[in-house]
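Engineer: Just passing along the structure, written as structure tokens.
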Amino acid sequence: MMLRYTLKRLLSLVLSLAVASVVIFAVIEVAPGDPASFMLGVNAQADTLAALRAELGLDVSKVQRYFNWVSGMLIGDFGTSYTYRTPVSQMIADRLWVSLPLALYALTLSTLIAFPAGIYAAARRGQPGDLAVMGATQLGIAVPNFWFAMMLVLVFAINLRWFNAGGFAGWDNGLGVGLRSLTLPAVALALPQAAILARVMRSALLDILGEDFMRTARAKGLSRRQALWRHGIRNALIPVLTIIGLQFSFLLAGSIIIEQVFYLPGLGRLVFQAISARDLIVVESVVMLLVFAVITVNFLVDLAYAAVDPRLRSRT
Amino acid sequence: MSRNLILGAALSSLVLLAALVSYIWTPYDHAALNIPAKLNPPGDGHWFGTDHFGRDMFSMIMVGARTSIAVALVAVGIGMALGVPLGLTAAAHKGSWLDEVIMRGNDLVFAFPSLVIAILITAVFGAGAINAIIAIGIFNIPVFARITRGAALSLWEREFILAARVAGKGAARISAEHILPNVANLLIVQGTIQFSLGILAEAGLSYVGLGAQPPTPSWGRMLADAQTMVSIAPHLALIPGLAIIVTVLGLNLLGDGLRDWLDPRIRVARA
């Protein structure tokens with residue numbers, strides 16, 4: 001049963017990725033302007049233009065170009081940047097060393113904030129503590145993370161001078177230095193996510209509290225709090241882990257805007273630089289990579305969920 | 001009525017009112033430059049201060065509310081106009097190939113990181129309010145399709161639908177006459193939530209320069225302009241941010257409040 005479910009989900013994963021790649025390619029294709037003439041300017045000679053088009057692989061049919069792009073990506077060849085003339089895969093790899101740790105850092109923070117907050121609120125349902133946490137999460141959801149980022153810069157970088165206002169120190173100077181320059185961006189990314197996660201944690205726990213086995217635990221003589229810790233939290237983790245999985249992909253994509261605030265040399269800045277330079281092959285590949293990451297993480301979350309909860313396998 | 005509903009309705013109407021009033025009156029011309037009065041803090045004739053060109057921030061916030069509301073509202077409209085019929089169709093033909101195609105298509109759009117695609121769309125087709133609306137709107141379609149189908153499926157099992165079928169009504173007519181009115185509440189609540197997400201998305205796109213273009217004021221671009229001046233004039237960043245928060249918070253509270261108010265079962269369960 002699990003195998004059949006896995007195969008079915010795998011098929012839909014491959015199908016999703018295929019459709020995604022066609023859509024992304026098509027969108028980029030209809031973009032006005034020819035990269036070769038953009039690079040050479042308006043006064044380019046026809047033969048120079050033709051030579052460059054051949055070099056960039058633009059002289060073949062669209063269908064052929066699509067298959068070249070996809071088959072290249074399958075073996076890790078993302079093409080060559082129009083503006084930098086360097087392999088796109090290398091550019092992406094460099095930037096991933098900023099974006100990926102940032103997303104993981106933010107995810108860790110979000111979880112560390114959300115778990116205690118959600119458990120605290122659920123244990124005090126309806127009491128002032130619960131209302132305070134829920135009010136704070138309402139606010140957290142309403143705050144645009146890039147604005148929160150600017151406020152963090154104002155307070156912690158400009159006024160208190162605890163952190164740099166932007167830029168990335170790199171990993172060469174040690175883990176601490178690198179993490180330090182990612183701290184404010186990670187906090188900015190984590191806050192709205194933590195608000196959502198705390199609400200999920202709370203409502204998952206409240207659902208569990210109504211279950212029969214919780215009543216049994218109480219009947220055995222456990223206090224409300226003991227029952228919550230021993231039986232409640234473990235069972236509430238299943239829906240919470242799903243959301244955490246989804247949040248990771250959201251954080252990876254969401255870091256695009258936060259990287260702009262902090263001038264971080266991550267994937268997001270790469271996309272925007274590529275957009276303004278009309279370096280469409282870079283845009284195309286980074287977007288495909290992000291979509292791939294999101295779809296794959298969702299797939300893994302689905303599988304993990306089904307492995308834990310067999311009832312889900314029968315649904316599609 | 002709950003506190004959420006009242007507070008949410010109050011905050012949302014405040015923003016809506018500001019947007020509507022801006023068509024006939026703003027304290028100053030929102031585009032009028034007044035360099036000698038630049039970067040004035042709030043107070044003294046300018047309630048929200050002035051920006052780096054000496055423009056009145058209060059007027060800009062009022063006019064900016066129009067942009068935010070218009071973009072988010074049309075985006076929700078796109079999502080409803082396409083998503084609801086898709087959801088109704090899928091539910092009416094449950095289990096058929098049509099249902100399968102619609103729902104798999106939904107899953108696919110759902111799987112895309114919306115922000116990335118919005119950036120892709122606006123980058124390729126040009127930055128601007130219209131493209132921002134389309135980019136945000138597309139991702140509203142599966143939300144409405146899914147919620148409509150889910151609610152419609154359980155309605156199709158009900159006896160009054162059976163009665164309508166016995167009376168000879170076709171699937172399309174039943175969907176329009178009997179299913180749609182019964183899912184309307186749900187759609188209003190979801191619409192409010194998507195509206196608030198649309199406000200946030202519009203602000204994000206404008207902030208990175210892919211939303212409404214100058215001279216149209218927008219809260220996101222006011223924040224982008226403020227970024228380099230935040231240390232000398234914090235109000236430039238503080239005020240548009242608070243405007244976004246008030247709007248989104250208001251809509252979320254309104255959505256929560258409406259859900260409780262429109263669905264008596266939840267009211268009982270929560271009491």
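Note on naming: chains are A, B, ... as they come in the structure tokens, residues start from 1 per chain, ligands start from 1 in the order shown.
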Val189 in chain B: which residues within 7 Å, counting only C-alpha atoms, same-chain residues fewer than 3 positions away excluded, as a PyMOL selection string?
Structural biologist: chain B and resi 185-186+192-193+255+258-259
Engineer: Return as a tab-separated table the residues of range 214-263 of chain B lying at most 12 Å from range 5-22 of chain B, together with the closest atom-to-atom pair for each and the distance in Å to one decimal, counting only C-alpha atoms, with rows in chain order and ascending residue number.
Structural biologist:
residue	atom	partner	partner_atom	distance
B:Pro217	CA	B:Ala19	CA	11.9
B:Ser218	CA	B:Ala19	CA	11.8
B:Leu242	CA	B:Val15	CA	11.6
B:Ala243	CA	B:Val15	CA	8.3
B:Ile244	CA	B:Val15	CA	9.6
B:Ile245	CA	B:Leu11	CA	10.2
B:Val246	CA	B:Leu11	CA	6.6
B:Thr247	CA	B:Ser12	CA	6.0
B:Val248	CA	B:Ser12	CA	8.4
B:Leu249	CA	B:Gly8	CA	7.3
B:Gly250	CA	B:Gly8	CA	4.2
B:Leu251	CA	B:Gly8	CA	5.9
B:Asn252	CA	B:Gly8	CA	7.1
B:Leu253	CA	B:Gly8	CA	4.5
B:Leu254	CA	B:Gly8	CA	4.1
B:Gly255	CA	B:Leu5	CA	7.7
B:Asp256	CA	B:Leu5	CA	7.1
B:Gly257	CA	B:Leu5	CA	4.0
B:Leu258	CA	B:Leu5	CA	6.2
B:Arg259	CA	B:Leu5	CA	9.1
B:Asp260	CA	B:Leu5	CA	8.7
B:Trp261	CA	B:Leu5	CA	8.1
B:Leu262	CA	B:Leu5	CA	10.9
Engineer: Can those selected residues be exported to a file as a short mmCIF file (atom, residue, chain, number, x, y, z; two decimals), in the first residue's frame so that it contains C-alpha atoms?
Structural biologist:
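Wrote out-v9.cif, looks like this:
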data_model
loop_
_atom_site.label_atom_id
_atom_site.label_comp_id
_atom_site.auth_asym_id
_atom_site.auth_seq_id
_atom_site.Cartn_x
_atom_site.Cartn_y
_atom_site.Cartn_z
CA PRO B 217 1.74 55.98 -4.73
CA SER B 218 1.90 52.56 -3.13
CA LEU B 242 1.80 50.46 10.12
CA ALA B 243 -0.70 51.16 7.34
CA ILE B 244 -0.09 47.66 5.93
CA ILE B 245 -0.31 46.06 9.37
CA VAL B 246 -3.56 47.83 10.24
CA THR B 247 -5.11 46.77 6.93
CA VAL B 248 -3.99 43.14 7.07
CA LEU B 249 -4.79 42.78 10.76
CA GLY B 250 -8.22 44.32 10.18
CA LEU B 251 -9.02 41.96 7.32
CA ASN B 252 -7.79 38.89 9.21
CA LEU B 253 -9.86 39.76 12.26
CA LEU B 254 -12.82 40.46 9.99
CA GLY B 255 -12.37 37.06 8.33
CA ASP B 256 -12.16 35.25 11.68
CA GLY B 257 -15.12 37.19 13.03
CA LEU B 258 -17.23 36.56 9.92
CA ARG B 259 -16.46 32.84 10.03
CA ASP B 260 -17.70 32.58 13.60
CA TRP B 261 -20.67 34.78 12.94
CA LEU B 262 -21.79 33.10 9.71
#
Engineer: Just the residues within 7 Å of Ala114 in chain A, please, counting only C-alpha atoms, with nothing from its chain fewer than 2 positions along; format it as a list of chain:residue names.
Structural biologist: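 The neighbour list is A:Ser110, A:Thr111, A:Leu112, A:Pro116, A:Ala117, A:Gly118, A:Ala194, A:Ala195, A:Leu197, A:Ala198.
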Engineer: Could you list, as a list in words, every residue of chain A that has an atom within 6 Å of an atom of chain B, counting only C-alpha atoms?
Structural biologist: Ala31, Ala142, Val143, Val291 and Ile295 of chain A
Engineer: Name all residues at most 8 Å from Val22 in chain A (count only C-alpha atoms; drop same-chain ones fewer than 4 positions away) and give them as number ranges by chain.
Structural biologist: A: 18, 26, 66
Engineer: For C-alpha atoms, I'd like the residues from the last selection saved as a compact mmCIF listing (two decimals), in the first residue's frame.
Structural biologist:
# COMPACT_ATOMS: atom_id res chain seq x y z
CA ALA A 18 7.57 18.62 -16.22
CA ALA A 26 7.14 29.41 -22.10
CA TYR A 66 13.52 23.48 -24.29
Engineer: Rank A:Tyr84, A:Gly140, A:Leu184, A:Gln127 by their smallest atom-to-atom distance to Ile258 in chain A, using only C-alpha atoms, and report the top residue only.
Structural biologist: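 With only C-alpha atoms as the atom set, the closest residue is A:Leu184.
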Engineer: Got a sec to tell me which of range 132-246 of chain B DSSP assigns to helix (DSSP H, G or I), as a ChimeraX atom specification?
Structural biologist: /B:132-138,140-156,159-166,171-207,219-229,235-246
Engineer: Give me the residues near Leu162 in chain B as a list in words, where near means some atom within 12 Å (using only C-alpha atoms) and where sequence neighbours in that chain fewer than 6 positions away do not count.
Structural biologist: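 In the requested format, the answer is Leu155, Trp156, Gly168, Lys169, Gly170, Ala171, Ile174, His178 and Ile179 of chain B.
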Engineer: If we count only C-alpha atoms and set the cut-off at 9 Å, which residues sit around range 41-58 of chain A, ignoring sequence neighbours fewer than 5 positions away in its own chain? Please answer as a ChimeraX atom specification.
Structural biologist: /A:35-36,65,68,79-80,82
Engineer: Those residues you just picked out, can you put them in a file as an mmCIF file, in the first residue's frame with C-alpha atoms?
Structural biologist:
data_model
loop_
_atom_site.group_PDB
_atom_site.id
_atom_site.type_symbol
_atom_site.label_atom_id
_atom_site.label_comp_id
_atom_site.auth_asym_id
_atom_site.auth_seq_id
_atom_site.Cartn_x
_atom_site.Cartn_y
_atom_site.Cartn_z
ATOM 1 C CA PRO A 35 19.283 38.232 -25.452
ATOM 2 C CA ALA A 36 21.969 38.337 -28.138
ATOM 3 C CA ARG A 65 15.977 24.682 -26.929
ATOM 4 C CA ASN A 68 18.468 21.216 -24.355
ATOM 5 C CA GLY A 79 23.690 26.828 -19.223
ATOM 6 C CA THR A 80 25.922 29.884 -19.377
ATOM 7 C CA TYR A 82 24.419 35.802 -20.863
#
Engineer: Skip Asn140 in chain B itself and residues of its chain fewer than 2 positions away, then list as number ranges by chain all residues within 12 Å of it, counting only C-alpha atoms.
Structural biologist: B: 72-84, 106, 109-110, 114, 133-138, 142-147, 187, 190-198, 201
Engineer: Quick one, how far is CA of Val98 in chain A from CA of Leu160 in chain A?
Structural biologist: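 Between these atoms lies a distance of 24.8 Å.
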Engineer: Calculated over only C-alpha atoms, which of the candidates A:Val27, A:Ser203, A:Arg225, A:Ala304 has the smallest distance to Tyr5 in chain A?
Structural biologist: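 Answer, going by the shortest atom-to-atom distance: A:Ala304.
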Engineer: When you draw a straight line from CA of Arg9 in chain A to CA of Gly95 in chain B, how long is it in Å?
Structural biologist: 18.3 Å
Engineer: What is the CA of Gln247 in chain A-CA of Ile119 in chain A distance in Å, reported with one decimal?
Structural biologist: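 Interatomic distance here is 19.1 Å.
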